[in-house]
$ cat final.cif   # mmCIF, C-alpha atoms and all ligand atoms
data_structure
#
loop_
_atom_site.label_atom_id
_atom_site.label_comp_id
_atom_site.auth_asym_id
_atom_site.auth_seq_id
_atom_site.Cartn_x
_atom_site.Cartn_y
_atom_site.Cartn_z
CA MET A 2 -41.06 7.61 16.12
CA ASP A 3 -37.62 8.61 17.37
CA GLU A 4 -36.11 11.73 15.96
CA LEU A 5 -33.27 11.28 13.49
CA LYS A 6 -30.13 13.28 13.95
CA VAL A 7 -27.18 13.79 11.60
CA ILE A 8 -23.73 13.51 13.15
CA GLU A 9 -20.93 14.87 11.03
CA ILE A 10 -17.69 12.86 11.24
CA LYS A 11 -15.57 13.64 8.17
CA LYS A 12 -12.77 11.25 8.92
CA SER A 13 -10.61 9.34 6.49
CA ILE A 14 -10.55 5.59 6.85
CA TYR A 15 -6.80 5.67 6.35
CA GLU A 16 -6.34 7.93 9.35
CA SER A 17 -6.17 5.31 12.10
CA ASN A 18 -3.83 3.17 9.99
CA ASP A 19 -1.58 6.17 9.40
CA VAL A 20 -1.41 6.77 13.16
CA GLU A 21 -0.45 3.13 13.79
CA ALA A 22 2.08 3.23 10.95
CA ALA A 23 3.78 6.32 12.38
CA LYS A 24 4.04 4.59 15.78
CA LEU A 25 5.60 1.47 14.28
CA LYS A 26 8.03 3.54 12.22
CA LYS A 27 9.21 5.36 15.31
CA ASP A 28 9.45 2.13 17.28
CA MET A 29 11.67 0.57 14.60
CA LYS A 30 13.86 3.65 14.56
CA ASP A 31 14.24 3.57 18.35
CA LYS A 32 15.23 -0.09 18.17
CA HIS A 33 17.65 0.63 15.30
CA VAL A 34 16.10 -1.96 13.02
CA PHE A 35 15.56 -1.18 9.34
CA LEU A 36 12.18 -2.38 8.05
CA LEU A 37 11.78 -2.84 4.30
CA ASN A 38 8.35 -3.22 2.71
CA LEU A 39 8.66 -5.03 -0.62
CA MET A 40 5.72 -4.80 -3.00
CA SER A 41 4.90 -5.95 -6.53
CA SER A 42 2.39 -7.83 -8.64
CA PRO A 43 2.32 -11.61 -8.17
CA GLY A 44 5.24 -13.26 -9.93
CA SER A 45 7.40 -10.15 -10.42
CA GLY A 46 10.18 -11.82 -8.46
CA LYS A 47 9.87 -10.66 -4.83
CA THR A 48 10.90 -13.98 -3.31
CA THR A 49 13.67 -14.62 -5.85
CA THR A 50 15.05 -11.10 -5.35
CA LEU A 51 14.95 -11.56 -1.57
CA VAL A 52 16.96 -14.77 -1.81
CA LYS A 53 19.64 -13.03 -3.90
CA THR A 54 19.62 -10.02 -1.55
CA ILE A 55 19.99 -12.18 1.55
CA GLU A 56 22.84 -14.19 0.00
CA GLU A 57 24.68 -10.93 -0.66
CA LEU A 58 24.15 -9.43 2.79
CA LYS A 59 23.73 -12.21 5.34
CA SER A 60 27.42 -12.43 6.27
CA GLU A 61 27.48 -8.79 7.37
CA MET A 62 24.05 -8.23 8.96
CA ARG A 63 21.27 -10.07 10.74
CA ILE A 64 18.15 -10.37 8.60
CA GLY A 65 14.59 -11.59 9.25
CA VAL A 66 11.77 -11.98 6.74
CA MET A 67 7.99 -11.86 7.03
CA GLU A 68 6.14 -13.51 4.17
CA ALA A 69 2.62 -12.34 3.48
CA ASP A 70 2.42 -12.80 -0.26
CA ILE A 71 0.19 -15.84 -0.42
CA ASP A 72 -1.38 -17.76 2.37
CA SER A 73 0.89 -20.77 2.14
CA ASP A 74 4.34 -21.18 3.59
CA VAL A 75 6.07 -21.93 0.26
CA ASP A 76 7.86 -18.57 0.13
CA ALA A 77 8.76 -18.68 3.82
CA ARG A 78 10.34 -22.10 3.30
CA THR A 79 12.32 -20.80 0.33
CA ILE A 80 13.66 -17.97 2.49
CA LEU A 81 14.46 -20.31 5.41
CA LYS A 82 16.82 -22.23 3.11
CA THR A 83 19.08 -19.16 2.97
CA GLY A 84 19.66 -19.60 6.69
CA VAL A 85 17.96 -16.43 7.93
CA LYS A 86 14.88 -16.38 10.09
CA ALA A 87 11.50 -16.21 8.38
CA ILE A 88 7.85 -16.41 9.33
CA GLN A 89 4.59 -16.66 7.41
CA ILE A 90 1.96 -14.05 8.16
CA HIS A 91 -1.44 -15.63 7.63
CA THR A 92 -3.52 -13.03 5.90
CA GLY A 93 -6.60 -15.17 5.29
CA GLY A 94 -6.68 -14.08 1.67
CA MET A 95 -6.44 -10.37 2.44
CA CYS A 96 -5.37 -8.10 -0.37
CA HIS A 97 -3.02 -5.87 1.63
CA LEU A 98 -1.26 -5.59 4.95
CA ASP A 99 -1.96 -2.65 7.21
CA ALA A 100 0.16 -1.29 10.03
CA PRO A 101 -1.47 -3.29 12.88
CA MET A 102 -0.93 -6.55 10.95
CA THR A 103 2.68 -5.59 10.25
CA LYS A 104 3.22 -4.85 13.93
CA GLU A 105 1.85 -8.26 14.85
CA GLY A 106 4.22 -9.82 12.29
CA ILE A 107 7.16 -7.95 13.79
CA GLU A 108 6.23 -9.26 17.25
CA ASN A 109 6.03 -12.83 15.99
CA LEU A 110 9.29 -12.57 14.07
CA GLY A 111 11.15 -11.02 16.99
CA ILE A 112 13.51 -8.20 16.01
CA GLU A 113 15.73 -7.75 19.09
CA ASP A 114 18.51 -9.66 17.33
CA LEU A 115 18.04 -8.13 13.86
CA ASP A 116 19.54 -5.32 11.81
CA MET A 117 17.03 -5.58 8.99
CA ALA A 118 13.49 -6.95 8.81
CA ILE A 119 11.86 -7.43 5.42
CA LEU A 120 8.16 -7.69 4.68
CA GLU A 121 7.15 -9.41 1.44
CA ASN A 122 3.77 -7.75 0.98
CA VAL A 123 0.73 -9.25 -0.75
CA GLY A 124 1.19 -9.42 -4.54
CA ASN A 125 -0.84 -6.45 -5.70
CA LEU A 126 0.03 -2.98 -7.02
CA VAL A 127 -3.15 -1.26 -5.86
CA CYS A 128 -4.14 -1.25 -2.21
CA PRO A 129 -0.78 -2.04 -0.58
CA ALA A 130 0.10 1.45 -1.81
CA GLU A 131 -2.82 2.95 0.11
CA PHE A 132 -1.98 1.36 3.44
CA ASP A 133 1.23 2.50 5.08
CA THR A 134 2.77 -0.47 6.88
CA GLY A 135 5.08 1.68 8.98
CA ALA A 136 8.15 0.43 7.11
CA THR A 137 11.35 2.50 7.14
CA LYS A 138 11.46 2.33 3.33
CA ASN A 139 9.18 1.06 0.58
CA ALA A 140 10.55 -0.84 -2.39
CA MET A 141 8.58 -2.03 -5.38
CA ILE A 142 9.45 -4.44 -8.15
CA LEU A 143 8.25 -4.09 -11.70
CA SER A 144 9.33 -6.94 -13.93
CA VAL A 145 10.04 -6.55 -17.63
CA PRO A 146 7.18 -8.81 -18.86
CA GLU A 147 4.64 -6.55 -17.10
CA GLY A 148 5.39 -3.66 -19.46
CA ASP A 149 6.70 -0.11 -19.13
CA ASP A 150 3.21 1.44 -19.01
CA LYS A 151 2.57 0.45 -15.38
CA PRO A 152 3.33 3.90 -13.86
CA LEU A 153 0.38 5.21 -15.88
CA LYS A 154 -1.94 2.52 -14.49
CA TYR A 155 -0.75 2.35 -10.89
CA PRO A 156 0.58 5.86 -10.15
CA LEU A 157 0.19 5.73 -6.37
CA MET A 158 2.53 2.74 -6.02
CA PHE A 159 5.24 4.62 -7.90
CA GLU A 160 4.61 7.72 -5.80
CA ILE A 161 5.08 6.03 -2.43
CA ALA A 162 8.01 3.79 -3.42
CA ASP A 163 11.49 4.90 -2.32
CA VAL A 164 13.03 2.35 -4.66
CA LEU A 165 11.97 0.82 -7.95
CA LEU A 166 13.61 -2.45 -8.89
CA ILE A 167 13.18 -3.31 -12.56
CA ASN A 168 13.53 -7.08 -12.47
CA LYS A 169 14.04 -9.75 -15.14
CA ILE A 170 16.26 -7.56 -17.31
CA ASP A 171 17.84 -10.81 -18.55
CA VAL A 172 14.79 -11.21 -20.82
CA ILE A 173 14.49 -7.59 -21.92
CA ASP A 174 15.30 -8.40 -25.56
CA ILE A 175 12.19 -10.49 -26.04
CA PHE A 176 9.84 -7.89 -24.58
CA ASP A 177 8.85 -4.47 -25.78
CA PHE A 178 10.19 -2.72 -22.69
CA ASP A 179 12.12 0.55 -22.70
CA ILE A 180 14.22 1.26 -19.59
CA ASP A 181 14.54 4.96 -20.43
CA VAL A 182 10.78 5.31 -20.82
CA ILE A 183 10.06 3.62 -17.50
CA LYS A 184 12.65 5.78 -15.74
CA LYS A 185 11.09 8.91 -17.15
CA ARG A 186 7.56 7.86 -16.22
CA ALA A 187 8.53 6.85 -12.69
CA LYS A 188 10.56 10.03 -12.07
CA ARG A 189 7.72 12.19 -13.22
CA LEU A 190 5.51 10.71 -10.50
CA ASN A 191 8.27 10.61 -7.93
CA PRO A 192 11.43 12.68 -8.62
CA ASP A 193 13.28 11.15 -5.63
CA ILE A 194 12.72 7.51 -6.54
CA LYS A 195 15.87 5.35 -6.79
CA ILE A 196 15.84 3.00 -9.75
CA PHE A 197 17.88 -0.20 -10.06
CA PRO A 198 17.56 -2.50 -13.08
CA ILE A 199 18.27 -6.04 -11.84
CA SER A 200 18.02 -9.70 -12.71
CA ALA A 201 17.28 -11.90 -9.73
CA ARG A 202 18.16 -14.81 -12.00
CA THR A 203 21.64 -13.78 -13.21
CA GLY A 204 22.48 -11.46 -10.30
CA GLU A 205 23.00 -8.45 -12.54
CA GLY A 206 22.39 -5.16 -10.68
CA ILE A 207 22.05 -6.87 -7.28
CA LYS A 208 25.25 -5.23 -6.10
CA GLU A 209 23.96 -1.69 -6.76
CA TRP A 210 20.70 -2.53 -4.97
CA THR A 211 22.38 -4.10 -1.95
CA ASP A 212 24.83 -1.19 -1.73
CA TRP A 213 21.85 1.10 -1.29
CA LEU A 214 20.27 -1.24 1.30
CA ARG A 215 23.53 -1.51 3.20
CA SER A 216 23.86 2.25 3.55
CA GLU A 217 20.22 2.59 4.67
CA VAL A 218 20.64 -0.11 7.31
CA LYS A 219 23.82 1.56 8.50
CA PHE A 220 22.03 4.90 8.72
CA VAL A 221 19.30 3.45 10.96
CA LYS A 222 21.88 1.59 13.03
CA GLU A 223 23.89 4.74 13.74
CA SER A 224 21.06 7.25 14.12
CA ASN A 225 19.77 8.19 17.51
CA MET B 15 -12.03 -8.88 -1.02
CA HIS B 16 -10.46 -5.46 -0.61
CA GLU B 17 -13.90 -4.02 0.12
CA VAL B 18 -14.43 -6.39 3.04
CA THR B 19 -11.17 -5.28 4.62
CA ILE B 20 -12.27 -1.68 4.18
CA LEU B 21 -15.75 -2.36 5.55
CA VAL B 22 -14.36 -3.92 8.72
CA GLU B 23 -12.39 -0.71 9.28
CA LEU B 24 -15.49 1.38 8.56
CA VAL B 25 -17.55 -0.57 11.11
CA LYS B 26 -14.92 0.15 13.76
CA MET B 27 -14.99 3.86 12.98
CA VAL B 28 -18.79 4.03 13.15
CA GLU B 29 -18.89 2.06 16.41
CA GLU B 30 -16.44 4.50 17.93
CA ALA B 31 -18.45 7.50 16.78
CA ALA B 32 -21.65 5.91 18.08
CA LYS B 33 -20.12 5.42 21.51
CA GLU B 34 -18.87 8.99 21.67
CA ASN B 35 -22.23 10.42 20.67
CA ASN B 36 -24.62 8.42 22.84
CA VAL B 37 -26.23 6.79 19.82
CA ALA B 38 -29.16 4.37 20.24
CA SER B 39 -29.50 3.18 16.67
CA ILE B 40 -28.05 3.93 13.27
CA ASP B 41 -30.30 4.71 10.35
CA THR B 42 -27.82 5.61 7.60
CA VAL B 43 -24.05 5.66 7.13
CA ILE B 44 -22.80 8.16 4.56
CA ILE B 45 -19.38 7.64 3.02
CA GLN B 46 -17.35 9.38 0.33
CA ILE B 47 -15.31 7.40 -2.16
CA GLY B 48 -12.79 8.93 -4.55
CA GLN B 49 -13.18 7.90 -8.16
CA LEU B 50 -9.50 6.92 -8.31
CA SER B 51 -9.37 4.95 -5.05
CA SER B 52 -9.19 1.18 -5.17
CA ILE B 53 -12.73 0.81 -3.79
CA VAL B 54 -15.61 -0.40 -5.92
CA PRO B 55 -18.96 1.04 -4.71
CA ARG B 56 -20.95 -1.92 -6.03
CA TYR B 57 -18.97 -4.36 -3.87
CA MET B 58 -19.28 -2.07 -0.86
CA ARG B 59 -23.07 -2.26 -1.15
CA GLU B 60 -22.97 -5.99 -1.75
CA TYR B 61 -20.88 -6.83 1.32
CA TYR B 62 -22.34 -4.19 3.63
CA PRO B 63 -25.21 -6.28 5.09
CA ASN B 64 -22.92 -9.20 5.96
CA THR B 65 -20.07 -7.20 7.42
CA THR B 66 -22.38 -5.14 9.63
CA GLU B 67 -24.30 -8.12 10.99
CA GLY B 68 -24.24 -8.33 14.78
CA THR B 69 -23.00 -4.74 15.16
CA ILE B 70 -24.84 -1.51 15.87
CA LEU B 71 -24.76 -0.95 12.10
CA GLU B 72 -26.91 -3.99 11.37
CA GLY B 73 -29.93 -3.06 9.27
CA SER B 74 -28.66 0.45 8.52
CA LYS B 75 -28.53 1.96 5.05
CA LEU B 76 -25.27 2.76 3.26
CA LYS B 77 -25.16 5.92 1.19
CA ILE B 78 -22.19 6.48 -1.11
CA GLU B 79 -21.09 9.84 -2.51
CA MET B 80 -18.46 9.79 -5.23
CA ILE B 81 -15.65 12.34 -5.32
CA PRO B 82 -14.37 13.00 -8.84
CA GLY B 83 -10.72 12.37 -9.70
CA ASN B 84 -9.64 15.87 -10.66
CA GLY B 85 -6.24 16.95 -11.90
CA LEU B 86 -4.77 20.46 -12.20
CA CYS B 87 -2.79 20.99 -15.41
CA HIS B 88 0.61 22.54 -14.71
CA HIS B 89 0.73 24.07 -18.19
CA CYS B 90 -2.62 25.77 -18.63
CA ASP B 91 -4.04 25.67 -15.06
CA LYS B 92 -7.17 23.90 -16.24
CA VAL B 93 -8.89 21.47 -13.83
CA PHE B 94 -9.98 18.28 -15.59
CA ASN B 95 -11.27 14.77 -14.86
CA VAL B 96 -8.28 12.46 -14.91
CA ALA B 97 -10.04 9.17 -15.70
CA LYS B 98 -12.24 10.61 -18.46
CA ASN B 99 -9.27 12.22 -20.18
CA LYS B 100 -6.93 9.24 -19.78
CA GLY B 101 -4.39 11.16 -17.73
CA LYS B 102 -3.84 13.98 -20.25
CA CYS B 103 -5.04 17.58 -20.06
CA PRO B 104 -7.93 17.87 -22.56
CA ILE B 105 -7.09 21.51 -23.32
CA CYS B 106 -3.36 21.47 -24.02
CA GLY B 107 -2.55 17.74 -24.04
CA ALA B 108 0.08 17.99 -21.28
CA ASP B 109 0.55 15.03 -18.96
CA ASP B 110 2.21 17.18 -16.34
CA TRP B 111 -0.47 17.76 -13.71
CA GLU B 112 -1.20 17.21 -10.05
CA LEU B 113 -4.04 15.31 -8.48
CA LEU B 114 -6.47 17.48 -6.53
CA SER B 115 -8.97 14.84 -5.46
CA GLY B 116 -10.11 11.30 -6.11
CA ARG B 117 -8.28 9.03 -3.69
CA GLU B 118 -10.46 9.67 -0.64
CA PHE B 119 -12.29 7.24 1.51
CA ASN B 120 -14.14 9.19 4.17
CA LEU B 121 -16.77 8.44 6.73
CA LYS B 122 -18.78 11.60 6.22
CA GLU B 123 -21.86 11.43 8.44
CA ILE B 124 -24.09 9.04 10.31
CA VAL B 125 -27.83 9.49 10.70
CA VAL B 126 -28.88 8.20 14.12
CA THR B 127 -31.37 8.18 16.95
CA GLU B 128 -30.02 9.12 20.35
CA ASN B 129 -30.41 7.47 23.72
CA LYS B 130 -32.91 9.28 25.93
CA SER B 131 -31.16 10.59 28.98
N1 LIG A 301 13.93 -14.68 -16.26
C1 LIG A 301 13.80 -14.29 -15.00
N2 LIG A 301 12.90 -14.91 -14.20
C2 LIG A 301 12.79 -14.52 -12.91
C3 LIG A 301 13.58 -13.48 -12.38
N3 LIG A 301 13.23 -13.29 -11.08
C4 LIG A 301 12.24 -14.17 -10.82
N4 LIG A 301 11.97 -14.93 -11.92
C5 LIG A 301 10.97 -16.01 -12.04
O1 LIG A 301 9.67 -15.44 -11.89
C6 LIG A 301 8.80 -16.32 -11.19
C7 LIG A 301 8.17 -15.65 -9.99
O2 LIG A 301 9.16 -15.31 -9.05
P1 LIG A 301 8.87 -15.11 -7.50
O3 LIG A 301 10.15 -14.71 -6.88
O4 LIG A 301 8.19 -16.29 -6.94
O5 LIG A 301 7.85 -13.88 -7.56
P2 LIG A 301 6.92 -13.26 -6.40
O6 LIG A 301 5.54 -13.83 -6.60
O7 LIG A 301 6.93 -11.79 -6.65
O8 LIG A 301 7.53 -13.63 -5.09
C8 LIG A 301 9.65 -17.54 -10.83
O9 LIG A 301 9.43 -18.55 -11.79
C9 LIG A 301 11.06 -17.01 -10.90
O10 LIG A 301 11.99 -18.01 -11.21
C10 LIG A 301 14.55 -12.86 -13.24
O11 LIG A 301 15.30 -11.95 -12.89
N5 LIG A 301 14.61 -13.30 -14.53
MG MG A 302 6.69 -14.56 -3.35
ZN ZN A 303 -6.57 -4.23 -0.14
ZN ZN A 304 -3.35 21.89 -19.87
#

$ encode --input "final.cif" --output "structure tokens"
Amino acid sequence: MDELKVIEIKKSIYESNDVEAAKLKKDMKDKHVFLLNLMSSPGSGKTTTLVKTIEELKSEMRIGVMEADIDSDVDARTILKTGVKAIQIHTGGMCHLDAPMTKEGIENLGIEDLDMAILENVGNLVCPAEFDTGATKNAMILSVPEGDDKPLKYPLMFEIADVLLINKIDVIDIFDFDIDVIKKRAKRLNPDIKIFPISARTGEGIKEWTDWLRSEVKFVKESN
Amino acid sequence: MHEVTILVELVKMVEEAAKENNVASIDTVIIQIGQLSSIVPRYMREYYPNTTEGTILEGSKLKIEMIPGNGLCHHCDKVFNVAKNKGKCPICGADDWELLSGREFNLKEIVVTENKS
């Protein structure tokens, strides 16, 4: 019988992803392209918000979109109609994107001619928060029908998000949703988080959100 | 599904460690999962045999140690289990606390036989 030996490793599974994410982040910075990672539950309005965002910004910057939400090209086709370039990342039913997959998406999209690349992440508030994609900034959407208790249930997502978009405020009157409560709960987890209440349907709040995006893109463009 | 993604990553990490350490065969893989991470131990065990098939991990045992989700209360300095107490300090009722542990996913140790040299 061979002798058994214990080898101590003590390594986090997130470690290699974090290394890849840091590389991608630096690479994007060097190329002066802003990469936005957009996350939410399914149906919160990622695709609809992207369409409104692109319509607002496409005349002044070059945008490309990577769709990973569901493994069909429906969302990618919706984005293509706005006239910007878009690709579908085939995730094979995966529940999150990691940095190597994002890098592959970036290579397929081609970013040499872009100012901003956007990743529509898989619809899920849990594990996309655990896997850094290497994006310049993380944005999350919480829609009014989902309820204002979500920061209590998915704290990590609120902690890693740079921006919280509260979508579907056009229907706020028919839901028991308190904007002040959600702001307080989100800020407690993440004091620096930027919060924009929006309606991707009516366009309310889109200007404030795109003003923020515009200044971030400009910052990356002009940094060296 | 999430667990399969995680297992694929785990297999890579173990393969790497095996290469570095001149390992002949793997008897047991010992991992640590935080109580508040998105990983369900039951699914890890269920998918382990399939995901390790055809690798050096095939046939090995998976041992899981749980790490409790502990919070430190900012008001009374008490350490408490976050999940059990629904996110509120059980002593003073404050919900102003910081997480000390519970989100880990670590490859802790592997039990192996070595190649004879
Ligand atoms: N009332 C309302 N509906 C919206 C809004 N934004 C999106 N929706 C609807 O919500 C559904 C899901 O939107 P979609 O953009 O596909 O969500 P995704 O799964 O996060 O990409 C669609 O039926 C949209 O028309 C909004 O601001 N207000
Ligand atoms: Mg979508
Ligand atoms: Zn996942
Ligand atoms: Zn306390």

$ closest_residue --input "final.cif" --among "A:Ile170, A:Leu81, A:Ile119, A:Leu190" --to "ligand LIG 301 (chain A)" --atoms "only C-alpha atoms and all ligand atoms"
A:Ile170

$ closest_residue --input "final.cif" --among "B:Lys100, B:Glu118, B:Thr69, B:Pro82" --to "Ala32 in chain B" --atoms "all atoms listed in the file"
B:Thr69

$ interface_residues --input "final.cif" --of "chain A" --to "chain B" --cutoff "12 Å" --atoms "all atoms listed in the file" --output "PDB file with C-alpha atoms, in the coordinates of the input"
ATOM      1  CA  MET A   2     -41.060   7.610  16.120  1.00  0.00           C
ATOM      2  CA  ASP A   3     -37.620   8.610  17.370  1.00  0.00           C
ATOM      3  CA  GLU A   4     -36.110  11.730  15.960  1.00  0.00           C
ATOM      4  CA  LEU A   5     -33.270  11.280  13.490  1.00  0.00           C
ATOM      5  CA  LYS A   6     -30.130  13.280  13.950  1.00  0.00           C
ATOM      6  CA  VAL A   7     -27.180  13.790  11.600  1.00  0.00           C
ATOM      7  CA  ILE A   8     -23.730  13.510  13.150  1.00  0.00           C
ATOM      8  CA  GLU A   9     -20.930  14.870  11.030  1.00  0.00           C
ATOM      9  CA  ILE A  10     -17.690  12.860  11.240  1.00  0.00           C
ATOM     10  CA  LYS A  11     -15.570  13.640   8.170  1.00  0.00           C
ATOM     11  CA  LYS A  12     -12.770  11.250   8.920  1.00  0.00           C
ATOM     12  CA  SER A  13     -10.610   9.340   6.490  1.00  0.00           C
ATOM     13  CA  ILE A  14     -10.550   5.590   6.850  1.00  0.00           C
ATOM     14  CA  TYR A  15      -6.800   5.670   6.350  1.00  0.00           C
ATOM     15  CA  GLU A  16      -6.340   7.930   9.350  1.00  0.00           C
ATOM     16  CA  SER A  17      -6.170   5.310  12.100  1.00  0.00           C
ATOM     17  CA  ASN A  18      -3.830   3.170   9.990  1.00  0.00           C
ATOM     18  CA  THR A  92      -3.520 -13.030   5.900  1.00  0.00           C
ATOM     19  CA  GLY A  93      -6.600 -15.170   5.290  1.00  0.00           C
ATOM     20  CA  GLY A  94      -6.680 -14.080   1.670  1.00  0.00           C
ATOM     21  CA  MET A  95      -6.440 -10.370   2.440  1.00  0.00           C
ATOM     22  CA  CYS A  96      -5.370  -8.100  -0.370  1.00  0.00           C
ATOM     23  CA  HIS A  97      -3.020  -5.870   1.630  1.00  0.00           C
ATOM     24  CA  LEU A  98      -1.260  -5.590   4.950  1.00  0.00           C
ATOM     25  CA  ASP A  99      -1.960  -2.650   7.210  1.00  0.00           C
ATOM     26  CA  PRO A 101      -1.470  -3.290  12.880  1.00  0.00           C
ATOM     27  CA  VAL A 123       0.730  -9.250  -0.750  1.00  0.00           C
ATOM     28  CA  ASN A 125      -0.840  -6.450  -5.700  1.00  0.00           C
ATOM     29  CA  LEU A 126       0.030  -2.980  -7.020  1.00  0.00           C
ATOM     30  CA  VAL A 127      -3.150  -1.260  -5.860  1.00  0.00           C
ATOM     31  CA  CYS A 128      -4.140  -1.250  -2.210  1.00  0.00           C
ATOM     32  CA  PRO A 129      -0.780  -2.040  -0.580  1.00  0.00           C
ATOM     33  CA  ALA A 130       0.100   1.450  -1.810  1.00  0.00           C
ATOM     34  CA  GLU A 131      -2.820   2.950   0.110  1.00  0.00           C
ATOM     35  CA  PHE A 132      -1.980   1.360   3.440  1.00  0.00           C
ATOM     36  CA  PRO A 152       3.330   3.900 -13.860  1.00  0.00           C
ATOM     37  CA  LEU A 153       0.380   5.210 -15.880  1.00  0.00           C
ATOM     38  CA  LYS A 154      -1.940   2.520 -14.490  1.00  0.00           C
ATOM     39  CA  TYR A 155      -0.750   2.350 -10.890  1.00  0.00           C
ATOM     40  CA  PRO A 156       0.580   5.860 -10.150  1.00  0.00           C
ATOM     41  CA  LEU A 157       0.190   5.730  -6.370  1.00  0.00           C
ATOM     42  CA  MET A 158       2.530   2.740  -6.020  1.00  0.00           C
ATOM     43  CA  GLU A 160       4.610   7.720  -5.800  1.00  0.00           C
ATOM     44  CA  ARG A 186       7.560   7.860 -16.220  1.00  0.00           C
ATOM     45  CA  LYS A 188      10.560  10.030 -12.070  1.00  0.00           C
ATOM     46  CA  ARG A 189       7.720  12.190 -13.220  1.00  0.00           C
ATOM     47  CA  LEU A 190       5.510  10.710 -10.500  1.00  0.00           C
ATOM     48  CA  ASN A 191       8.270  10.610  -7.930  1.00  0.00           C
TER      49      ASN A 191
END

$ residues_near_ligand --input "final.cif" --ligand "ligand ZN 304 (chain A)" --cutoff "8 Å" --atoms "all atoms listed in the file" --output "PyMOL selection string"
chain B and resi 86-92+102-109+111

$ write_last_selection --input "final.cif" --atoms "C-alpha atoms" --output "PDB file, in the coordinates of the input"
ATOM      1  CA  LEU B  86      -4.770  20.460 -12.200  1.00  0.00           C
ATOM      2  CA  CYS B  87      -2.790  20.990 -15.410  1.00  0.00           C
ATOM      3  CA  HIS B  88       0.610  22.540 -14.710  1.00  0.00           C
ATOM      4  CA  HIS B  89       0.730  24.070 -18.190  1.00  0.00           C
ATOM      5  CA  CYS B  90      -2.620  25.770 -18.630  1.00  0.00           C
ATOM      6  CA  ASP B  91      -4.040  25.670 -15.060  1.00  0.00           C
ATOM      7  CA  LYS B  92      -7.170  23.900 -16.240  1.00  0.00           C
ATOM      8  CA  LYS B 102      -3.840  13.980 -20.250  1.00  0.00           C
ATOM      9  CA  CYS B 103      -5.040  17.580 -20.060  1.00  0.00           C
ATOM     10  CA  PRO B 104      -7.930  17.870 -22.560  1.00  0.00           C
ATOM     11  CA  ILE B 105      -7.090  21.510 -23.320  1.00  0.00           C
ATOM     12  CA  CYS B 106      -3.360  21.470 -24.020  1.00  0.00           C
ATOM     13  CA  GLY B 107      -2.550  17.740 -24.040  1.00  0.00           C
ATOM     14  CA  ALA B 108       0.080  17.990 -21.280  1.00  0.00           C
ATOM     15  CA  ASP B 109       0.550  15.030 -18.960  1.00  0.00           C
ATOM     16  CA  TRP B 111      -0.470  17.760 -13.710  1.00  0.00           C
TER      17      TRP B 111
END

$ residues_near_ligand --input "final.cif" --ligand "ligand MG 302 (chain A)" --cutoff "10 Å" --atoms "only C-alpha atoms and all ligand atoms" --output "ChimeraX atom specification"
/A:40-51,68-71,74-77,79-80,121-124

$ axis_aligned_box --input "final.cif" --around "ligand LIG 301 (chain A)" --padding-each-side "3 Å" --output "lines of an AutoDock Vina configuration file"
center_x = 10.4
center_y = -15.2
center_z = -10.7
size_x = 15.8
size_y = 12.8
size_z = 17.2

$ atom_distance --input "final.cif" --atom1 "CA of Gly116 in chain B" --atom2 "CA of Asp150 in chain A"
21.0 Å

$ decode --input "final.cif" --residues "range 43-59 of chain B" --atoms "C-alpha atoms" --output "compact mmCIF listing (two decimals), in the first residue's frame"
# COMPACT_ATOMS: atom_id res chain seq x y z
CA VAL B 43 -9.75 16.58 -2.01
CA ILE B 44 -10.59 18.81 0.94
CA ILE B 45 -12.40 22.08 0.28
CA GLN B 46 -13.82 24.84 2.45
CA ILE B 47 -17.13 26.48 1.62
CA GLY B 48 -18.45 29.60 3.31
CA GLN B 49 -21.99 29.36 4.60
CA LEU B 50 -22.91 32.56 2.75
CA SER B 51 -21.30 31.70 -0.59
CA SER B 52 -23.49 30.75 -3.51
CA ILE B 53 -22.30 27.13 -3.44
CA VAL B 54 -24.53 24.30 -2.31
CA PRO B 55 -22.49 21.41 -0.78
CA ARG B 56 -25.08 18.79 -1.75
CA TYR B 57 -24.77 19.68 -5.44
CA MET B 58 -20.99 19.71 -5.19
CA ARG B 59 -21.07 16.11 -3.99
